[in-house]
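As provided, run_21.cif (mmCIF, C-alpha atoms) reads as follows.
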data_upload
loop_
_atom_site.label_atom_id
_atom_site.label_comp_id
_atom_site.auth_asym_id
_atom_site.auth_seq_id
_atom_site.Cartn_x
_atom_site.Cartn_y
_atom_site.Cartn_z
CA MET A 1 103.68 151.44 120.95
CA ASP A 2 105.70 150.31 117.93
CA ILE A 3 103.55 148.81 115.16
CA THR A 4 105.47 145.90 113.65
CA ALA A 5 105.14 144.39 110.19
CA THR A 6 103.98 141.15 111.84
CA MET A 7 101.09 142.95 113.52
CA VAL A 8 100.09 144.61 110.25
CA LYS A 9 100.20 141.27 108.43
CA GLU A 10 98.06 139.60 111.09
CA LEU A 11 95.45 142.34 110.88
CA ARG A 12 95.43 142.16 107.07
CA ASP A 13 95.02 138.38 107.18
CA ARG A 14 92.11 138.66 109.61
CA THR A 15 90.28 141.48 107.84
CA GLY A 16 91.38 141.58 104.19
CA ALA A 17 92.19 145.28 104.58
CA GLY A 18 94.96 147.06 102.69
CA MET A 19 98.41 147.42 104.27
CA MET A 20 98.21 151.17 104.94
CA ASP A 21 94.64 150.92 106.27
CA ALA A 22 95.70 148.15 108.64
CA LYS A 23 98.69 150.11 109.88
CA LYS A 24 96.65 153.29 110.43
CA ALA A 25 94.03 151.34 112.38
CA LEU A 26 96.68 149.80 114.65
CA VAL A 27 98.28 153.19 115.24
CA GLU A 28 94.88 154.69 116.07
CA VAL A 29 94.22 152.15 118.85
CA ASP A 30 97.81 151.82 120.07
CA GLY A 31 98.28 148.29 118.73
CA ASP A 32 95.14 146.68 120.17
CA MET A 33 94.32 144.03 117.55
CA GLU A 34 90.64 143.60 118.45
CA LYS A 35 89.99 147.34 118.54
CA ALA A 36 91.84 147.74 115.23
CA MET A 37 89.55 145.12 113.69
CA GLU A 38 86.56 147.07 114.97
CA VAL A 39 87.92 150.30 113.46
CA LEU A 40 88.40 148.62 110.08
CA ARG A 41 84.96 147.04 110.30
CA GLN A 42 83.37 150.41 110.95
CA LYS A 43 85.25 152.01 108.07
CA GLY A 44 84.47 149.05 105.88
CA MET A 45 80.77 149.39 106.57
CA ALA A 46 80.88 153.07 105.68
CA SER A 47 82.72 152.21 102.48
CA ALA A 48 80.24 149.43 101.71
CA ASP A 49 77.24 151.69 102.18
CA LYS A 50 78.60 154.08 99.54
CA LYS A 51 78.89 151.22 97.06
CA MET A 52 75.37 149.85 97.50
CA GLY A 53 73.84 152.26 94.98
CA ARG A 54 75.94 150.87 92.13
CA ILE A 55 74.82 148.25 89.61
CA ALA A 56 75.77 144.65 90.41
CA ALA A 57 74.69 142.31 87.61
CA GLU A 58 77.81 140.17 87.37
CA GLY A 59 78.72 137.59 89.98
CA ARG A 60 78.46 133.88 90.46
CA ILE A 61 76.04 131.03 90.98
CA GLY A 62 77.21 128.56 93.61
CA SER A 63 75.78 125.41 95.13
CA TYR A 64 76.25 122.89 97.91
CA VAL A 65 74.85 119.38 98.31
CA SER A 66 74.95 117.09 101.35
CA ASP A 67 73.33 113.74 102.08
CA SER A 68 70.23 115.45 103.46
CA ALA A 69 69.83 118.73 101.55
CA GLY A 70 71.10 120.90 98.72
CA ALA A 71 71.12 124.61 97.94
CA MET A 72 71.91 126.95 95.06
CA ILE A 73 72.53 130.69 95.35
CA GLU A 74 73.19 133.70 93.15
CA VAL A 75 75.54 136.34 94.54
CA ASN A 76 76.10 139.46 92.45
CA CYS A 77 78.99 141.88 92.12
CA GLU A 78 79.87 144.62 89.61
CA THR A 79 82.48 143.03 87.34
CA ASP A 80 83.33 139.62 85.93
CA PHE A 81 86.90 140.16 87.13
CA VAL A 82 85.78 140.14 90.77
CA ALA A 83 83.41 137.22 90.12
CA LYS A 84 86.46 135.10 89.27
CA ASN A 85 88.30 136.19 92.42
CA SER A 86 88.95 133.27 94.79
CA GLU A 87 87.69 135.33 97.74
CA PHE A 88 84.35 135.94 95.98
CA ILE A 89 84.03 132.29 94.93
CA GLU A 90 84.68 131.18 98.52
CA LEU A 91 82.01 133.61 99.78
CA THR A 92 79.43 132.33 97.28
CA ASN A 93 80.04 128.66 97.99
CA GLY A 94 80.09 129.31 101.75
CA LEU A 95 76.70 131.01 101.56
CA ALA A 96 75.29 128.08 99.57
CA GLU A 97 76.49 125.71 102.29
CA LEU A 98 74.95 127.90 104.99
CA VAL A 99 71.59 127.91 103.16
CA ALA A 100 71.66 124.11 102.84
CA ASN A 101 72.48 123.61 106.51
CA SER A 102 70.34 126.37 108.06
CA SER A 103 67.28 126.63 105.79
CA PRO A 104 66.65 130.41 106.02
CA ALA A 105 63.21 131.55 104.87
CA ASP A 106 64.47 134.27 102.52
CA VAL A 107 67.46 136.49 101.72
CA ASP A 108 66.84 138.76 104.72
CA ALA A 109 66.81 135.73 107.01
CA LEU A 110 70.06 134.50 105.48
CA LEU A 111 71.73 137.89 106.03
CA ALA A 112 70.70 137.77 109.68
CA LEU A 113 72.27 134.35 110.31
CA THR A 114 75.54 133.94 112.15
CA CYS A 115 78.20 132.17 110.14
CA PRO A 116 79.34 129.13 112.17
CA LYS A 117 82.84 129.20 110.67
CA CYS A 118 83.68 132.80 111.59
CA GLY A 119 81.11 133.68 114.24
CA LYS A 120 79.99 136.83 112.38
CA VAL A 121 76.59 137.86 111.06
CA VAL A 122 76.35 137.21 107.32
CA SER A 123 75.44 140.84 106.50
CA ASP A 124 78.61 141.99 108.29
CA VAL A 125 80.71 139.39 106.46
CA ILE A 126 79.42 140.74 103.15
CA LYS A 127 80.14 144.33 104.15
CA GLU A 128 83.69 143.37 105.06
CA LYS A 129 84.08 141.69 101.66
CA ILE A 130 82.79 144.85 99.96
CA ALA A 131 85.45 146.83 101.80
CA SER A 132 88.28 144.46 100.89
CA ILE A 133 87.21 143.66 97.33
CA GLY A 134 86.00 147.17 96.48
CA GLU A 135 82.71 146.36 94.75
CA LYS A 136 79.05 146.19 95.63
CA ILE A 137 78.06 142.62 96.59
CA THR A 138 74.47 141.46 96.97
CA VAL A 139 72.73 138.14 97.57
CA ARG A 140 69.97 138.01 94.96
CA ARG A 141 68.22 134.67 95.46
CA PHE A 142 68.61 131.08 96.56
CA VAL A 143 66.72 127.79 96.51
CA ARG A 144 66.95 124.83 98.88
CA TYR A 145 65.74 121.23 98.58
CA GLU A 146 65.75 118.43 101.10
CA GLY A 147 66.34 114.75 100.38
CA ASN A 148 68.14 113.44 97.30
CA THR A 149 69.65 116.45 95.55
CA ALA A 150 72.17 117.00 92.80
CA THR A 151 73.71 120.09 91.21
CA TYR A 152 75.66 121.33 88.22
CA ILE A 153 77.27 124.75 87.84
CA HIS A 154 78.58 125.84 84.44
CA ASN A 155 81.38 128.42 84.78
CA GLY A 156 79.51 130.07 87.63
CA LYS A 157 77.00 131.49 85.13
CA ILE A 158 74.37 128.75 84.80
CA GLY A 159 73.30 126.66 87.77
CA VAL A 160 70.96 123.72 88.29
CA LEU A 161 69.61 122.18 91.47
CA LEU A 162 67.67 118.92 91.13
CA GLN A 163 65.59 116.82 93.52
CA THR A 164 64.86 113.15 92.81
CA ASP A 165 62.96 110.46 94.69
CA SER A 166 65.95 108.10 94.90
CA LYS A 167 69.72 108.39 94.81
CA ASP A 168 71.73 107.84 91.62
CA GLU A 169 74.62 110.32 91.55
CA ALA A 170 75.82 109.66 88.00
CA LEU A 171 72.34 109.79 86.48
CA ALA A 172 71.34 112.86 88.49
CA LYS A 173 74.47 114.67 87.35
CA ASP A 174 73.65 113.89 83.71
CA ILE A 175 70.12 115.24 84.19
CA CYS A 176 71.50 118.43 85.76
CA LEU A 177 73.86 118.89 82.82
CA HIS A 178 70.94 118.37 80.42
CA ILE A 179 68.81 120.97 82.25
CA ALA A 180 71.66 123.48 82.10
CA SER A 181 71.99 122.92 78.36
CA SER A 182 68.36 122.54 77.25
CA ALA A 183 66.58 124.95 79.63
CA PRO A 184 63.30 123.10 80.27
CA GLU A 185 60.65 125.01 82.22
CA PHE A 186 58.59 122.17 83.66
CA VAL A 187 59.16 118.57 84.74
CA SER A 188 56.13 117.19 82.88
CA ARG A 189 52.85 118.22 81.24
CA LYS A 190 50.96 118.10 84.54
CA ASP A 191 53.14 120.95 85.81
CA ILE A 192 52.17 123.32 83.01
CA PRO A 193 49.53 125.89 84.07
CA GLN A 194 46.46 125.95 81.84
CA SER A 195 47.03 129.67 81.35
CA VAL A 196 50.32 128.90 79.56
CA ILE A 197 48.62 126.45 77.20
CA ASP A 198 45.77 128.90 76.55
CA GLU A 199 48.19 131.70 75.72
CA GLU A 200 50.18 129.57 73.28
CA THR A 201 46.93 128.42 71.68
CA ARG A 202 45.79 132.03 71.25
CA ILE A 203 49.09 132.99 69.61
CA GLU A 204 49.04 130.04 67.22
CA MET A 205 45.40 130.63 66.27
CA GLY A 206 46.29 134.17 65.24
CA LYS A 207 49.14 133.26 62.89
CA GLU A 208 48.73 134.39 59.30
CA ASP A 209 49.48 131.01 57.70
CA LEU A 210 46.28 129.61 59.23
CA ALA A 211 44.01 132.56 58.47
CA ASN A 212 42.35 130.94 55.42
CA LYS A 213 42.05 127.45 56.88
CA PRO A 214 38.62 126.02 57.84
CA GLU A 215 37.92 126.27 61.56
CA GLN A 216 38.17 122.54 62.30
CA ILE A 217 41.42 122.11 60.36
CA ARG A 218 42.89 125.21 61.94
CA ALA A 219 42.04 123.92 65.45
CA LYS A 220 43.67 120.56 64.71
CA ILE A 221 46.85 122.20 63.38
CA VAL A 222 47.04 124.51 66.38
CA GLU A 223 46.58 121.60 68.77
CA GLY A 224 49.49 119.79 67.15
CA ARG A 225 51.70 122.88 67.26
CA VAL A 226 50.91 123.59 70.91
CA ASN A 227 51.59 119.96 71.86
CA LYS A 228 54.99 120.21 70.19
CA LEU A 229 55.77 123.47 71.97
CA MET A 230 54.79 122.02 75.33
CA ALA A 231 56.93 118.95 74.72
CA GLN A 232 59.93 121.20 74.12
CA ARG A 233 59.35 122.89 77.48
CA CYS A 234 58.92 119.68 79.52
CA LEU A 235 62.06 118.05 80.88
CA ILE A 236 60.99 114.42 80.62
CA GLU A 237 59.88 114.82 76.98
CA GLN A 238 63.12 116.43 75.79
CA ALA A 239 65.73 114.44 73.88
CA PHE A 240 68.70 113.74 76.16
CA VAL A 241 71.65 115.95 75.15
CA LYS A 242 74.15 113.10 75.40
CA ASP A 243 71.95 110.71 73.41
CA PRO A 244 69.23 112.38 71.30
CA ASN A 245 67.80 108.96 70.43
CA GLN A 246 66.18 108.72 73.87
CA THR A 247 64.11 111.11 75.93
CA ILE A 248 64.79 111.98 79.55
CA GLU A 249 61.72 109.91 80.44
CA GLN A 250 63.28 106.88 78.78
CA LEU A 251 66.64 107.63 80.40
CA ILE A 252 65.25 107.58 83.96
CA SER A 253 62.66 104.81 83.50
CA GLY A 254 62.86 102.32 86.36
CA LYS A 255 65.74 104.20 87.99
CA LEU A 256 64.33 107.34 89.59
CA ASN A 257 61.66 110.04 89.31
CA ILE A 258 62.31 113.75 89.03
CA VAL A 259 60.55 115.70 91.78
CA LYS A 260 61.56 119.25 90.84
CA PHE A 261 64.40 121.42 89.61
CA ASP A 262 65.54 125.02 89.45
CA ARG A 263 67.74 126.55 86.78
CA TYR A 264 69.47 129.90 87.37
CA VAL A 265 71.10 132.08 84.73
CA LEU A 266 73.42 134.69 86.19
CA GLY A 267 72.01 138.21 86.09
CA GLU A 268 68.85 137.33 84.14
CA GLY A 269 66.46 140.27 84.32
CA LEU A 270 68.98 142.59 85.99
CA GLU A 271 70.11 145.96 84.67
CA LYS A 272 73.59 145.69 83.15
CA ARG A 273 76.52 148.07 83.36
CA ASN A 274 77.02 150.01 80.13
CA ASP A 275 80.25 151.76 80.99
CA ASN A 276 83.50 150.85 79.25
CA PHE A 277 86.01 149.18 81.56
CA ALA A 278 89.02 150.81 79.87
CA ASP A 279 87.41 154.22 80.23
CA GLU A 280 86.74 153.49 83.89
CA VAL A 281 90.40 152.60 84.49
CA MET A 282 91.53 155.80 82.77
CA SER A 283 89.09 157.87 84.82
CA GLN A 284 90.55 156.41 88.00
CA LEU A 285 94.10 157.16 86.85
CA ASN A 286 93.19 160.74 86.04
CA LYS A 287 91.75 161.47 89.48
#

The structure given in the file should be rewritten as structure tokens.
Amino acid sequence: MDITATMVKELRDRTGAGMMDAKKALVEVDGDMEKAMEVLRQKGMASADKKMGRIAAEGRIGSYVSDSAGAMIEVNCETDFVAKNSEFIELTNGLAELVANSSPADVDALLALTCPKCGKVVSDVIKEKIASIGEKITVRRFVRYEGNTATYIHNGKIGVLLQTDSKDEALAKDICLHIASSAPEFVSRKDIPQSVIDEETRIEMGKEDLANKPEQIRAKIVEGRVNKLMAQRCLIEQAFVKDPNQTIEQLISGKLNIVKFDRYVLGEGLEKRNDNFADEVMSQLNK
């Protein structure tokens, strides 16, 4: 059977495979489009498996919010170049939407879901993307809230998901932007574990500038310092980034209450690639 350029294009559009790979697959199965897709999928999976041992600490944070739920997800790849690829951005945002709508228990549960838009299992979709994009891709983590949610993503590298007790889109967006900028750890003092306060107290008590102070004075100074530190870590006690003359607590007074939030920083805690990109390109050219 003659393999036409139209057939090759259709297979490429449906799989994201390269032109020569698509043509070879069609030749192998005598032009059967479905079988050719299966051949490419099998080869793509083999290619993906080889890439899974590589470091993937770049990527993107994406989010999705509906009237009833919201989700935020971190998807990692190997290079910032791929993270800016429209195909990778679409994958990340699509997974965030799937999390919001399907509420999987964890990453493994998400990977086992069937994508309603394409009818494929998520793990297979990711393997196909690995084959077409050429880098390791992993889903690292996600968070999902129900009810009134809002989100803010800064350049795909910092993400915030917020839950409030009532709906105010403009105010919620401002709070998300503030969280992204100021990095609070807790909503209020009541959310701070006693162990955190005890540890900060221990550190302050051991500082050299207080060594010669009387015990009672030293305790009072430490209490003041710890209170200040805790205030800096609590969202509602922070000065609002757009108007430092008022706190977040003053900003939201009588309008809404903050239930909880999550703040993601891309790749935090992950091992980073140390290789030089220019050297990598040259090594590929010299093969």

Q. For this file, the PyMOL selection byres ((chain A and resi 84) around 12) selects which residues, as a VMD selection string?
A. chain A and resid 58 to 61 76 to 83 85 to 92 133 155 to 157

Q. Leaving out A:Arg189 and any residue of its chain fewer than 5 positions from it, which residues lie within 8 Å of it when counting all atoms listed in the file, given as a PyMOL selection string?
A. chain A and resi 230-231+234

Q | Residues matched by the PyMOL selection byres ((chain A and resi 242-255) around 8) as a PyMOL selection string | A | chain A and resi 166+168+171+175+178+235-241+256-257

**Q.** Selection dump of the PyMOL selection byres ((chain A and resi 218) around 12), as a PyMOL selection string
**A.** chain A and resi 201-202+204-217+219-225

What does the file look like for those residues with C-alpha atoms, as a CSV table (one decimal), keeping the file's coordinate frame?
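Output contents, as saved in result25.csv:
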chain,number,residue,atom,x,y,z
A,201,THR,CA,46.9,128.4,71.7
A,202,ARG,CA,45.8,132.0,71.2
A,204,GLU,CA,49.0,130.0,67.2
A,205,MET,CA,45.4,130.6,66.3
A,206,GLY,CA,46.3,134.2,65.2
A,207,LYS,CA,49.1,133.3,62.9
A,208,GLU,CA,48.7,134.4,59.3
A,209,ASP,CA,49.5,131.0,57.7
A,210,LEU,CA,46.3,129.6,59.2
A,211,ALA,CA,44.0,132.6,58.5
A,212,ASN,CA,42.4,130.9,55.4
A,213,LYS,CA,42.0,127.4,56.9
A,214,PRO,CA,38.6,126.0,57.8
A,215,GLU,CA,37.9,126.3,61.6
A,216,GLN,CA,38.2,122.5,62.3
A,217,ILE,CA,41.4,122.1,60.4
A,219,ALA,CA,42.0,123.9,65.4
A,220,LYS,CA,43.7,120.6,64.7
A,221,ILE,CA,46.8,122.2,63.4
A,222,VAL,CA,47.0,124.5,66.4
A,223,GLU,CA,46.6,121.6,68.8
A,224,GLY,CA,49.5,119.8,67.2
A,225,ARG,CA,51.7,122.9,67.3

Q. With distances taken over only C-alpha atoms, which of A:Ala172, A:Leu40, A:Gly269, A:Ser102 is nearest to A:Lys129?
A. A:Leu40

Q: To one decimal in Å, tell me the separation between atom CA of A:Tyr264 and atom CA of A:Leu98.
A: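 Distance between the two atoms: 18.6 Å.
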
Q: Identify, on the basis of only C-alpha atoms, every residue whose closest approach to A:Ile126 does not exceed 10 Å; exclude the query and any residue fewer than 2 positions from it along the same chain; express the result as a VMD selection string.
A: chain A and resid 45 48 88 91 111 121 to 124 128 to 132 136 to 139

Q: Find the distance between atom CA of A:Asp106 and atom CA of A:Arg141 and write it in Å to one decimal.
A: 8.0 Å

**Q.** Pairwise distance for atom CA of A:Asn227 and atom CA of A:Ile179, rounded to one decimal in Å
**A.**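 So the two atoms, atom CA of A:Asn227 and atom CA of A:Ile179, lie 20.1 Å apart.
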
Q: Write out as JSON, numbers by chain which residues come within 12 Å of A:Ala71 when counting all atoms listed in the file, dropping same-chain ones fewer than 5 positions away.
A: {"A": [61, 62, 63, 64, 65, 66, 92, 93, 94, 95, 96, 97, 98, 99, 100, 101, 102, 103, 104, 141, 142, 143, 144, 145, 146, 147, 148, 149, 150, 151, 152, 153, 159, 160, 161, 162, 163, 261, 262, 263, 264]}

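Counting all atoms listed in the file, the residue from A:Lys24, A:Lys120, A:Arg140, A:Lys35 that sits nearest to A:Glu74 is A:Arg140.
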
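Distances here use only C-alpha atoms; by that measure, the residue among A:Cys176, A:Ala183, A:Val226, A:Leu26 closest to A:Ile3 is A:Leu26.
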